[in-house]
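Have a look at the structure below, then the notes.
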Amino acid sequence: MSGNPINHLDANGSVRMVDVSAKKMTKRTASAESFVNIGAELSSTLQEKGGLAKGNVIETAKIAGIMAAKRTSEWIPLCHPIPVDSIRITAEFVGGAIRFISQVECEAKTGVEMEAMTAVAAASLTVYDMVKSAGKSVEIGPIRLLEKTGGKSGHWRRGDG
């Protein structure tokens with residue numbers, strides 16, 4: 001439907017999967033970030049030991065993020081299944097928080113923004129699961145897109161508008 005700002009709705013307001021059959025295959029990239037506020041004490045413990053009783057928290061979270069990104073269309077009902085070519089997740093300690101950044105690439109007819117955000121969301125949830133016995137006050141957020149390239153809308157970067 002032309003001119004509809006919510007393109008997952010048809011002319012009658014019914015939900016639909018967007019038709020991308022006429023779109024061209026282009027290289028698509030997206031990066032996203034999330035923060036897991038775990039507190040100074042737990043952050044210090046993870047930096048010193050790398051993990052807790054359940055294992056290496058950061059590496060396990062990265063694996064979870066990669067696995068989730070590959071299955072985004074199973075999590076988000078109207079997402080197209082995309083053949084992801086590359087997923088990288090990095091983590092850094094920022095005060096009492098862990099910051100995850102994902103970078104996802106593919107050659108497809110639609111973008112990988114949801115895959116990038118799903119990756120950092122799953123990584124963050126994995127941290128929560130692994131550290132919840134050490135502290136119930138863990139918080140996740142924000143989760144947000146940092147940048148995307150490719151497709152008709154081209155390049156977008158947070159802060160550029």
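Residues in the structure tokens are named by chain (A, B, ... in the order shown) and by number from 1 within that chain; ligands are numbered from 1 in the order shown.
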Exercise. Which parts of chain A does DSSP call alpha helix (DSSP H) when run on the backbone here, written out as a PyMOL selection string?
Worked result: chain A and resi 40-49+57-70+72-75+113-131
Exercise. If we count only C-alpha atoms, what is near Glu59 of chain A at a cut-off of 10 Å, once residues fewer than 4 positions away on the same chain are taken out, given as JSON, numbers by chain?
Worked result: {"A": [50, 51, 55, 63, 64, 65, 89, 90, 91, 123, 127]}
Exercise. Restricting the calculation to only C-alpha atoms, which member of A:Pro83, A:Gly96, A:Gly159, A:Gly13 is positioned closest to Leu46 of chain A?
Worked result: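 Ranked by minimum distance to Leu46 of chain A, first place goes to A:Gly96.
Distances here use only C-alpha atoms; by that measure, the residue among A:Thr110, A:Ala69, A:Ser31, A:Ala61 closest to Val18 of chain A is A:Thr110.
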For this session: Kindly indicate which residue among A:Met130, A:Ile58, A:Ala30, A:Ile76 lies nearest to Arg144 of chain A, using only C-alpha atoms for the distances.
Result: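 Of A:Met130, A:Ile58, A:Ala30, A:Ile76, the one nearest Arg144 of chain A is A:Ala30, counting only C-alpha atoms.
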For this session: Using DSSP on the backbone, list every residue of segment 24-95 of chain A that comes out as strand (DSSP E), and give them as a list in words.
Result: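 Reading the DSSP output for segment 24-95 of chain A, strand (DSSP E) covers Thr26, Lys27, Arg28, Thr29, Ala30, Ser31, Ala32, Glu33, Ser34, Phe35, Val36, Asn37, Gly51, Leu52, Gly55, Asn56, Val84, Asp85, Ser86, Ile87, Arg88, Ile89, Thr90, Ala91, Glu92, Phe93 and Val94 of chain A.
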Could you take the residues named above and write them with N, CA and C atoms, as a tab-separated table (two decimals), in the first residue's frame?
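Contents of the output file selection-v3.tsv:
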```
chain	number	residue	atom	x	y	z
A	26	THR	N	20.58	-6.44	-2.39
A	26	THR	CA	21.70	-5.53	-2.15
A	26	THR	C	22.38	-5.95	-0.87
A	27	LYS	N	23.61	-5.48	-0.70
A	27	LYS	CA	24.31	-5.72	0.55
A	27	LYS	C	23.62	-4.88	1.63
A	28	ARG	N	23.32	-5.51	2.75
A	28	ARG	CA	22.66	-4.85	3.87
A	28	ARG	C	23.50	-5.06	5.11
A	29	THR	N	23.63	-4.02	5.91
A	29	THR	CA	24.32	-4.14	7.19
A	29	THR	C	23.51	-3.42	8.25
A	30	ALA	N	23.69	-3.84	9.47
A	30	ALA	CA	23.07	-3.14	10.60
A	30	ALA	C	23.90	-3.40	11.84
A	31	SER	N	23.93	-2.41	12.71
A	31	SER	CA	24.56	-2.59	14.02
A	31	SER	C	23.61	-2.06	15.08
A	32	ALA	N	23.65	-2.71	16.22
A	32	ALA	CA	22.77	-2.34	17.33
A	32	ALA	C	23.55	-2.48	18.63
A	33	GLU	N	23.01	-1.88	19.68
A	33	GLU	CA	23.64	-2.01	20.99
A	33	GLU	C	22.60	-2.26	22.05
A	34	SER	N	23.07	-2.84	23.13
A	34	SER	CA	22.24	-3.01	24.33
A	34	SER	C	23.15	-2.86	25.54
A	35	PHE	N	22.52	-2.54	26.64
A	35	PHE	CA	23.24	-2.41	27.90
A	35	PHE	C	22.58	-3.31	28.93
A	36	VAL	N	23.40	-3.97	29.73
A	36	VAL	CA	22.91	-4.76	30.85
A	36	VAL	C	23.54	-4.16	32.10
A	37	ASN	N	22.74	-3.49	32.88
A	37	ASN	CA	23.24	-2.89	34.12
A	37	ASN	C	23.26	-3.96	35.20
A	51	GLY	N	33.45	-15.30	34.70
A	51	GLY	CA	32.18	-15.99	34.79
A	51	GLY	C	31.78	-16.25	36.22
A	52	LEU	N	30.70	-16.97	36.33
A	52	LEU	CA	30.16	-17.38	37.62
A	52	LEU	C	29.99	-18.89	37.58
A	55	GLY	N	29.26	-20.49	34.22
A	55	GLY	CA	30.25	-20.45	33.15
A	55	GLY	C	30.62	-19.04	32.75
A	56	ASN	N	31.31	-18.93	31.60
A	56	ASN	CA	31.77	-17.65	31.08
A	56	ASN	C	30.57	-16.86	30.56
A	84	VAL	N	21.64	-14.70	6.67
A	84	VAL	CA	22.66	-13.84	7.26
A	84	VAL	C	24.05	-14.36	6.87
A	85	ASP	N	24.90	-13.45	6.42
A	85	ASP	CA	26.25	-13.82	6.01
A	85	ASP	C	27.27	-13.69	7.14
A	86	SER	N	27.06	-12.72	8.03
A	86	SER	CA	28.04	-12.46	9.08
A	86	SER	C	27.34	-11.84	10.29
A	87	ILE	N	27.72	-12.33	11.46
A	87	ILE	CA	27.24	-11.75	12.72
A	87	ILE	C	28.45	-11.65	13.65
A	88	ARG	N	28.71	-10.44	14.12
A	88	ARG	CA	29.76	-10.23	15.11
A	88	ARG	C	29.15	-9.54	16.31
A	89	ILE	N	29.52	-10.00	17.48
A	89	ILE	CA	29.05	-9.38	18.72
A	89	ILE	C	30.27	-9.10	19.58
A	90	THR	N	30.36	-7.87	20.03
A	90	THR	CA	31.42	-7.50	20.96
A	90	THR	C	30.79	-7.07	22.27
A	91	ALA	N	31.60	-7.12	23.32
A	91	ALA	CA	31.12	-6.73	24.64
A	91	ALA	C	32.21	-5.92	25.33
A	92	GLU	N	31.77	-4.93	26.08
A	92	GLU	CA	32.71	-4.15	26.88
A	92	GLU	C	32.03	-3.77	28.19
A	93	PHE	N	32.84	-3.64	29.22
A	93	PHE	CA	32.33	-3.20	30.51
A	93	PHE	C	32.37	-1.68	30.54
A	94	VAL	N	31.24	-1.09	30.90
A	94	VAL	CA	31.11	0.36	31.00
A	94	VAL	C	30.56	0.64	32.39
```
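Here the question is which of A:Gly95, A:Glu113, A:Asp19, A:His155 gets nearest to Leu42 of chain A using only C-alpha atoms, and that residue is A:Gly95.
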Problem set entry | Pick from A:Glu147, A:Trp156, A:Met114, A:Ser102, whichever lies nearest to Leu78 of chain A using only C-alpha atoms | A:Met114
Exercise. Which of these residues is nearest to Met25 of chain A, using only C-alpha atoms: A:Cys79, A:Met67, A:Leu9, A:Ala108?
Worked result: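 Between A:Cys79, A:Met67, A:Leu9, A:Ala108, the residue approaching Met25 of chain A most closely is A:Ala108.
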